[in-house]
>>> print(open('input.cif').read())   # mmCIF, C-alpha atoms
data_data
loop_
_atom_site.label_atom_id
_atom_site.label_comp_id
_atom_site.auth_asym_id
_atom_site.auth_seq_id
_atom_site.Cartn_x
_atom_site.Cartn_y
_atom_site.Cartn_z
CA MET A 1 85.82 -84.12 25.81
CA ASN A 2 85.00 -85.57 22.36
CA SER A 3 81.82 -87.13 23.76
CA PHE A 4 80.81 -83.77 25.22
CA LEU A 5 81.33 -81.95 21.90
CA LYS A 6 79.45 -84.69 20.07
CA ALA A 7 76.51 -84.31 22.43
CA ILE A 8 76.44 -80.55 21.87
CA ALA A 9 76.50 -81.05 18.08
CA ILE A 10 73.63 -83.53 18.23
CA ALA A 11 71.62 -81.14 20.40
CA ALA A 12 72.30 -78.26 18.00
CA VAL A 13 71.11 -80.29 15.04
CA GLY A 14 67.96 -81.16 16.96
CA VAL A 15 67.25 -77.49 17.62
CA VAL A 16 67.76 -76.61 13.95
CA LEU A 17 65.44 -79.40 12.79
CA SER A 18 62.85 -78.45 15.37
CA THR A 19 62.98 -74.78 14.29
CA ALA A 20 62.71 -75.73 10.63
CA ALA A 21 59.66 -77.87 11.34
CA GLN A 22 57.98 -75.01 13.16
CA ALA A 23 58.72 -72.45 10.42
CA GLN A 24 55.91 -73.06 7.99
CA SER A 25 55.76 -71.33 4.65
CA ALA A 26 52.79 -69.19 3.69
CA LEU A 27 52.35 -71.65 0.84
CA ASN A 28 51.59 -74.42 3.35
CA ASP A 29 49.19 -72.16 5.22
CA ILE A 30 47.37 -71.29 1.98
CA LEU A 31 47.05 -74.91 0.90
CA ASP A 32 46.10 -76.17 4.37
CA ASN A 33 43.37 -73.56 4.89
CA GLY A 34 42.24 -73.21 1.29
CA VAL A 35 42.48 -69.40 1.30
CA LEU A 36 44.90 -66.96 -0.34
CA LYS A 37 44.83 -63.66 1.59
CA VAL A 38 45.70 -60.66 -0.57
CA GLY A 39 46.31 -57.13 0.71
CA THR A 40 44.92 -54.55 -1.70
CA THR A 41 44.15 -50.83 -1.43
CA GLY A 42 41.20 -50.73 -3.82
CA ASP A 43 42.06 -47.16 -4.90
CA TRP A 44 44.43 -47.54 -7.86
CA ASN A 45 42.48 -47.41 -11.10
CA PRO A 46 42.61 -49.63 -13.16
CA MET A 47 44.79 -51.90 -11.01
CA THR A 48 42.53 -52.37 -8.00
CA LEU A 49 39.13 -50.78 -7.43
CA ARG A 50 36.73 -51.45 -4.58
CA ASP A 51 32.97 -51.04 -5.04
CA PRO A 52 31.73 -49.64 -1.68
CA ALA A 53 28.18 -50.84 -2.36
CA THR A 54 29.14 -54.50 -2.70
CA ASN A 55 32.61 -54.46 -1.08
CA SER A 56 33.83 -56.31 -4.17
CA TYR A 57 37.00 -55.62 -6.16
CA LYS A 58 37.89 -55.42 -9.82
CA GLY A 59 40.95 -54.48 -11.83
CA TYR A 60 44.19 -55.70 -13.38
CA ASP A 61 45.58 -56.77 -9.98
CA ILE A 62 42.36 -58.50 -9.01
CA ASP A 63 42.40 -60.63 -12.15
CA ILE A 64 45.98 -61.64 -11.38
CA MET A 65 45.14 -62.68 -7.83
CA ASN A 66 42.05 -64.60 -8.92
CA GLU A 67 44.21 -66.47 -11.44
CA LEU A 68 46.87 -67.21 -8.82
CA ALA A 69 44.22 -68.56 -6.42
CA LYS A 70 42.69 -70.68 -9.19
CA ASP A 71 46.06 -72.26 -9.98
CA LEU A 72 46.65 -72.90 -6.28
CA GLY A 73 43.21 -74.52 -6.06
CA VAL A 74 42.07 -72.19 -3.26
CA GLU A 75 39.70 -69.29 -2.62
CA VAL A 76 40.93 -65.71 -2.56
CA GLU A 77 40.22 -63.24 0.25
CA PHE A 78 40.96 -59.56 -0.42
CA VAL A 79 42.09 -57.81 2.75
CA PRO A 80 41.59 -54.01 2.75
CA THR A 81 44.75 -52.01 3.40
CA ASP A 82 46.22 -48.62 2.48
CA TRP A 83 49.54 -47.53 1.04
CA LYS A 84 51.17 -46.48 4.29
CA THR A 85 50.51 -49.90 5.90
CA LEU A 86 50.76 -52.10 2.79
CA VAL A 87 54.18 -53.53 3.64
CA ASN A 88 53.44 -53.76 7.37
CA GLY A 89 50.49 -56.03 6.64
CA VAL A 90 52.74 -58.55 4.91
CA VAL A 91 55.37 -58.37 7.65
CA ALA A 92 52.71 -58.85 10.35
CA GLY A 93 51.12 -61.79 8.54
CA GLN A 94 47.77 -60.09 7.94
CA TYR A 95 47.89 -61.35 4.35
CA HIS A 96 50.13 -63.67 2.33
CA ILE A 97 50.81 -61.31 -0.58
CA THR A 98 49.90 -57.89 -1.93
CA GLY A 99 48.76 -56.68 -5.29
CA SER A 100 51.05 -54.62 -7.50
CA ALA A 101 53.48 -52.20 -5.85
CA SER A 102 56.63 -50.39 -6.93
CA ILE A 103 59.87 -52.15 -6.07
CA SER A 104 61.85 -49.70 -3.94
CA PRO A 105 64.94 -49.92 -1.69
CA PRO A 106 63.03 -48.94 1.49
CA ARG A 107 60.47 -51.68 0.92
CA MET A 108 63.18 -54.18 0.00
CA LYS A 109 64.74 -53.73 3.44
CA VAL A 110 61.79 -55.38 5.17
CA ALA A 111 59.87 -57.31 2.51
CA GLY A 112 60.38 -59.62 -0.45
CA PHE A 113 59.16 -59.12 -4.00
CA SER A 114 58.02 -61.34 -6.81
CA GLU A 115 59.34 -61.22 -10.34
CA SER A 116 58.19 -58.00 -12.03
CA TYR A 117 55.44 -58.30 -14.67
CA ILE A 118 54.73 -54.65 -15.54
CA ALA A 119 56.46 -51.27 -15.18
CA VAL A 120 55.30 -47.69 -14.72
CA GLU A 121 56.56 -44.19 -15.40
CA ILE A 122 55.55 -41.14 -13.40
CA PHE A 123 54.14 -37.87 -14.78
CA PRO A 124 52.79 -34.67 -13.20
CA PHE A 125 49.17 -33.84 -14.01
CA THR A 126 46.99 -30.76 -13.67
CA THR A 127 43.51 -29.71 -14.76
CA LYS A 128 42.90 -28.56 -18.32
CA ASP A 129 42.12 -25.01 -17.24
CA LYS A 130 45.54 -24.70 -15.53
CA ALA A 131 47.65 -26.46 -18.16
CA ASP A 132 48.89 -23.22 -19.74
CA LYS A 133 50.32 -22.12 -16.38
CA PHE A 134 52.92 -24.90 -16.38
CA SER A 135 55.71 -26.08 -18.64
CA GLY A 136 58.01 -28.79 -17.32
CA TYR A 137 59.07 -29.65 -13.80
CA ASP A 138 60.72 -26.34 -12.92
CA SER A 139 57.43 -24.52 -13.38
CA ILE A 140 55.89 -26.74 -10.69
CA ASN A 141 58.75 -26.41 -8.22
CA GLN A 142 57.78 -22.85 -7.28
CA PRO A 143 56.44 -21.20 -4.10
CA GLY A 144 52.68 -20.92 -4.25
CA VAL A 145 52.18 -23.99 -6.43
CA LYS A 146 50.21 -26.57 -4.49
CA VAL A 147 51.15 -30.20 -5.18
CA ALA A 148 48.87 -32.84 -3.68
CA THR A 149 49.88 -36.41 -2.86
CA THR A 150 48.74 -39.35 -0.73
CA LEU A 151 50.54 -40.28 2.49
CA GLY A 152 52.72 -43.38 2.39
CA THR A 153 52.81 -43.78 -1.37
CA THR A 154 55.82 -43.81 -3.66
CA PHE A 155 54.35 -40.64 -5.15
CA GLU A 156 54.71 -38.80 -1.83
CA LYS A 157 58.44 -39.51 -1.77
CA LEU A 158 58.87 -38.36 -5.38
CA VAL A 159 56.86 -35.17 -4.83
CA ARG A 160 59.08 -34.19 -1.90
CA GLU A 161 62.22 -34.86 -3.97
CA TRP A 162 61.09 -33.11 -7.15
CA PHE A 163 59.22 -30.11 -5.76
CA PRO A 164 60.90 -28.98 -2.50
CA ASN A 165 60.01 -25.33 -3.17
CA ALA A 166 56.33 -26.00 -3.82
CA ASP A 167 53.53 -26.14 -1.26
CA ILE A 168 53.11 -29.88 -0.71
CA LYS A 169 49.71 -31.02 0.51
CA VAL A 170 49.60 -34.58 1.88
CA VAL A 171 46.26 -36.33 2.28
CA GLU A 172 45.54 -39.70 3.87
CA ALA A 173 43.86 -42.60 2.10
CA PRO A 174 41.15 -43.06 1.00
CA ALA A 175 41.65 -39.45 -0.12
CA ARG A 176 43.84 -39.09 -3.20
CA GLY A 177 46.02 -36.33 -4.57
CA TYR A 178 44.11 -36.08 -7.83
CA GLN A 179 40.87 -35.49 -5.91
CA GLU A 180 42.44 -32.42 -4.29
CA VAL A 181 43.33 -31.07 -7.72
CA LEU A 182 39.87 -31.76 -9.14
CA ALA A 183 38.31 -30.00 -6.14
CA GLY A 184 40.50 -26.93 -6.72
CA ARG A 185 42.42 -27.32 -3.46
CA ALA A 186 45.69 -28.07 -5.27
CA ASP A 187 47.26 -27.42 -8.66
CA VAL A 188 49.25 -30.54 -9.51
CA PHE A 189 49.44 -34.22 -8.62
CA VAL A 190 51.77 -36.98 -9.82
CA THR A 191 50.81 -40.48 -10.75
CA SER A 192 51.77 -43.31 -13.05
CA ASN A 193 51.10 -43.50 -16.75
CA ILE A 194 48.79 -46.41 -15.86
CA GLU A 195 46.45 -44.47 -13.58
CA GLY A 196 46.97 -41.21 -15.47
CA SER A 197 45.52 -42.54 -18.72
CA THR A 198 42.42 -43.70 -16.86
CA LEU A 199 41.98 -40.35 -15.11
CA GLU A 200 42.42 -38.42 -18.38
CA ALA A 201 39.60 -40.43 -19.93
CA LYS A 202 37.29 -39.77 -16.98
CA PHE A 203 38.14 -36.28 -15.69
CA PRO A 204 39.35 -32.93 -17.12
CA VAL A 205 43.00 -33.60 -16.25
CA VAL A 206 46.07 -33.58 -18.52
CA ARG A 207 49.78 -34.17 -18.25
CA VAL A 208 51.75 -31.04 -17.48
CA PRO A 209 53.14 -29.78 -20.82
CA ASN A 210 56.81 -30.54 -21.54
CA ALA A 211 57.13 -32.80 -18.48
CA GLU A 212 59.00 -35.93 -19.51
CA PRO A 213 58.35 -39.26 -17.78
CA ARG A 214 60.42 -39.91 -14.69
CA ALA A 215 61.16 -42.67 -12.18
CA PRO A 216 60.54 -45.76 -14.34
CA SER A 217 59.75 -48.46 -11.83
CA PRO A 218 59.20 -52.21 -12.08
CA ILE A 219 56.00 -53.41 -10.42
CA ALA A 220 55.65 -56.64 -8.46
CA MET A 221 53.82 -58.34 -5.60
CA ILE A 222 55.12 -57.95 -2.04
CA LEU A 223 55.73 -61.12 -0.03
CA PRO A 224 57.25 -62.06 3.36
CA GLN A 225 60.99 -61.49 3.07
CA ASP A 226 62.11 -64.68 4.82
CA ASP A 227 59.69 -67.08 3.10
CA GLN A 228 61.77 -68.34 0.19
CA VAL A 229 59.44 -71.27 -0.45
CA TRP A 230 56.50 -68.94 -1.12
CA ILE A 231 58.66 -66.45 -3.06
CA ASN A 232 59.96 -69.27 -5.29
CA TYR A 233 56.44 -70.49 -5.99
CA VAL A 234 55.16 -67.04 -6.96
CA ASN A 235 58.25 -66.23 -9.05
CA ASN A 236 57.93 -69.42 -11.06
CA TRP A 237 54.18 -68.87 -11.40
CA VAL A 238 54.84 -65.41 -12.86
CA LYS A 239 57.29 -66.90 -15.37
CA VAL A 240 54.84 -69.61 -16.44
CA LYS A 241 51.90 -67.20 -16.83
CA ALA A 242 54.07 -64.71 -18.73
CA ALA A 243 55.13 -67.46 -21.14
CA GLN A 244 51.47 -68.38 -21.63
CA GLY A 245 50.57 -64.77 -22.47
CA PHE A 246 48.36 -64.21 -19.42
CA PHE A 247 49.89 -60.88 -18.37
CA GLU A 248 49.80 -59.50 -21.91
CA GLU A 249 46.13 -60.43 -22.31
CA ASN A 250 45.31 -58.86 -18.96
CA ARG A 251 47.12 -55.64 -19.89
CA LYS A 252 45.05 -55.37 -23.07
CA LYS A 253 41.83 -56.07 -21.16
CA TRP A 254 42.47 -53.12 -18.86
CA GLY A 255 43.93 -50.81 -21.48
CA LEU A 256 47.47 -50.79 -20.12
#
>>> encode(input="input.cif", output="structure tokens")
Amino acid sequence: MNSFLKAIAIAAVGVVLSTAAQAQSALNDILDNGVLKVGTTGDWNPMTLRDPATNSYKGYDIDIMNELAKDLGVEVEFVPTDWKTLVNGVVAGQYHITGSASISPPRMKVAGFSESYIAVEIFPFTTKDKADKFSGYDSINQPGVKVATTLGTTFEKLVREWFPNADIKVVEAPARGYQEVLAGRADVFVTSNIEGSTLEAKFPVVRVPNAEPRAPSPIAMILPQDDQVWINYVNNWVKVKAAQGFFEENRKKWGL
């Protein structure tokens, strides 16, 4: 009987070792193939912006990923994605990591996150010619007020929570909520202080008067949930680069 149990134990150990050998971290894949694959939407100014003419990317996120690839000693490949499939792409192995995204409980159920390196607050915005029609959140949460948002984003969830009485208009990427407002098809959109400051400088949009910031959210990169080797590498990389002042310099470069 003891010999039988011993044989089972030895076989079980063999299976565990075999499984461990087969389970390769994304870090090994990156180093073996010399390519870091990054999922990015290319539509979040100034975090990630895609130039359709050249299919190239620029932004705060892009600088971070180029720096990560440089320290890994590999090339970087930006994989186009959108907000509603951002997490799915990591889970399915279409890319090794994403650019910046809000840390949220729904995403945490299926994906891992890096250490946070920046945070955002959310504000409602409207056009300058409509600013005197609104004052605070209650003025937006009214029948007949059209609030635009993009499918699959954190903003969509917040809009539905904050403005249940309003007329919510959901558009799919690459369309954006602010574009609907600029075109006159909606009255209000919500976005982060990061993107909002950029839009205010470029378009005739302003924060809704007397609307305080809401939903402060830490921002981080999304990674495969079960790949602790890769998560550990990225987390320690974030700590090292933060100590060296890289993230602070990058924030200043992009006006964040």
>>> resolve_selection(input="input.cif", expression="the PyMOL selection byres ((chain A and resi 196-213) around 9)", output="JSON, numbers by chain")
{"A": [45, 46, 121, 122, 123, 124, 125, 126, 127, 128, 129, 131, 132, 134, 135, 136, 137, 178, 181, 182, 188, 190, 191, 192, 193, 194, 195, 214, 215, 216, 255, 256]}
>>> closest_residue(input="input.cif", among="A:Val91, A:Ala119, A:Val234, A:Val79", to="A:Thr40", atoms="all atoms listed in the file")
A:Val79
>>> closest_residue(input="input.cif", among="A:Ser217, A:Thr54, A:Thr85, A:Asn250", to="A:Ile103", atoms="all atoms listed in the file")
A:Ser217
>>> residues_around(input="input.cif", residues="stretch 153-157 of chain A", least_positions_apart="3", cutoff="8 Å", atoms="only C-alpha atoms", output="MDAnalysis selection string")
chainID A and resid 83:84 102 149:150 160:161 170 190:191
>>> atom_distance(input="input.cif", atom1="atom CA of A:Ala186", atom2="atom CA of A:Lys169")
7.6 Å
>>> atom_distance(input="input.cif", atom1="atom CA of A:Val229", atom2="atom CA of A:Ser114")
11.9 Å
>>> closest_residue(input="input.cif", among="A:Phe78, A:Trp162, A:Trp230, A:Tyr60", to="A:Gly112", atoms="only C-alpha atoms")
A:Trp230
>>> closest_residue(input="input.cif", among="A:Arg50, A:Asp187, A:Pro80, A:Val87", to="A:Met108", atoms="all atoms listed in the file")
A:Val87
>>> build_atoms(input="input.cif", residues="stretch 208-223 of chain A", atoms="N, CA, C and O atoms", output="tab-separated table (two decimals), in the coordinates of the input")
chain	number	residue	atom	x	y	z
A	208	VAL	N	51.14	-32.36	-17.42
A	208	VAL	CA	51.75	-31.04	-17.48
A	208	VAL	C	52.59	-30.95	-18.76
A	208	VAL	O	53.40	-31.85	-19.04
A	209	PRO	N	52.39	-29.92	-19.57
A	209	PRO	CA	53.14	-29.78	-20.82
A	209	PRO	C	54.65	-29.82	-20.60
A	209	PRO	O	55.17	-29.29	-19.61
A	210	ASN	N	55.33	-30.48	-21.52
A	210	ASN	CA	56.81	-30.54	-21.54
A	210	ASN	C	57.41	-31.21	-20.30
A	210	ASN	O	58.57	-30.96	-19.96
A	211	ALA	N	56.62	-32.04	-19.64
A	211	ALA	CA	57.13	-32.80	-18.48
A	211	ALA	C	57.37	-34.23	-18.93
A	211	ALA	O	56.43	-34.99	-19.18
A	212	GLU	N	58.64	-34.60	-19.04
A	212	GLU	CA	59.00	-35.93	-19.51
A	212	GLU	C	58.72	-36.97	-18.42
A	212	GLU	O	58.62	-36.63	-17.24
A	213	PRO	N	58.56	-38.22	-18.80
A	213	PRO	CA	58.35	-39.26	-17.78
A	213	PRO	C	59.58	-39.42	-16.90
A	213	PRO	O	60.71	-39.26	-17.35
A	214	ARG	N	59.33	-39.71	-15.64
A	214	ARG	CA	60.42	-39.91	-14.69
A	214	ARG	C	60.18	-41.18	-13.87
A	214	ARG	O	59.09	-41.75	-13.88
A	215	ALA	N	61.23	-41.58	-13.16
A	215	ALA	CA	61.16	-42.67	-12.18
A	215	ALA	C	60.54	-43.95	-12.74
A	215	ALA	O	59.59	-44.48	-12.16
A	216	PRO	N	61.06	-44.47	-13.87
A	216	PRO	CA	60.54	-45.76	-14.34
A	216	PRO	C	60.74	-46.81	-13.26
A	216	PRO	O	61.82	-46.91	-12.66
A	217	SER	N	59.70	-47.54	-12.97
A	217	SER	CA	59.75	-48.46	-11.83
A	217	SER	C	59.11	-49.79	-12.17
A	217	SER	O	57.97	-49.83	-12.65
A	218	PRO	N	59.83	-50.90	-11.92
A	218	PRO	CA	59.20	-52.21	-12.08
A	218	PRO	C	58.16	-52.43	-10.98
A	218	PRO	O	58.32	-51.97	-9.85
A	219	ILE	N	57.10	-53.13	-11.34
A	219	ILE	CA	56.00	-53.41	-10.42
A	219	ILE	C	55.96	-54.90	-10.12
A	219	ILE	O	56.18	-55.73	-11.00
A	220	ALA	N	55.69	-55.23	-8.86
A	220	ALA	CA	55.65	-56.64	-8.46
A	220	ALA	C	54.77	-56.80	-7.22
A	220	ALA	O	54.27	-55.82	-6.67
A	221	MET	N	54.56	-58.04	-6.82
A	221	MET	CA	53.82	-58.34	-5.60
A	221	MET	C	54.78	-58.36	-4.41
A	221	MET	O	55.93	-58.78	-4.54
A	222	ILE	N	54.32	-57.92	-3.26
A	222	ILE	CA	55.12	-57.95	-2.04
A	222	ILE	C	54.81	-59.22	-1.27
A	222	ILE	O	53.64	-59.59	-1.11
A	223	LEU	N	55.87	-59.87	-0.77
A	223	LEU	CA	55.73	-61.12	-0.03
A	223	LEU	C	56.60	-61.08	1.23
A	223	LEU	O	57.47	-60.22	1.35
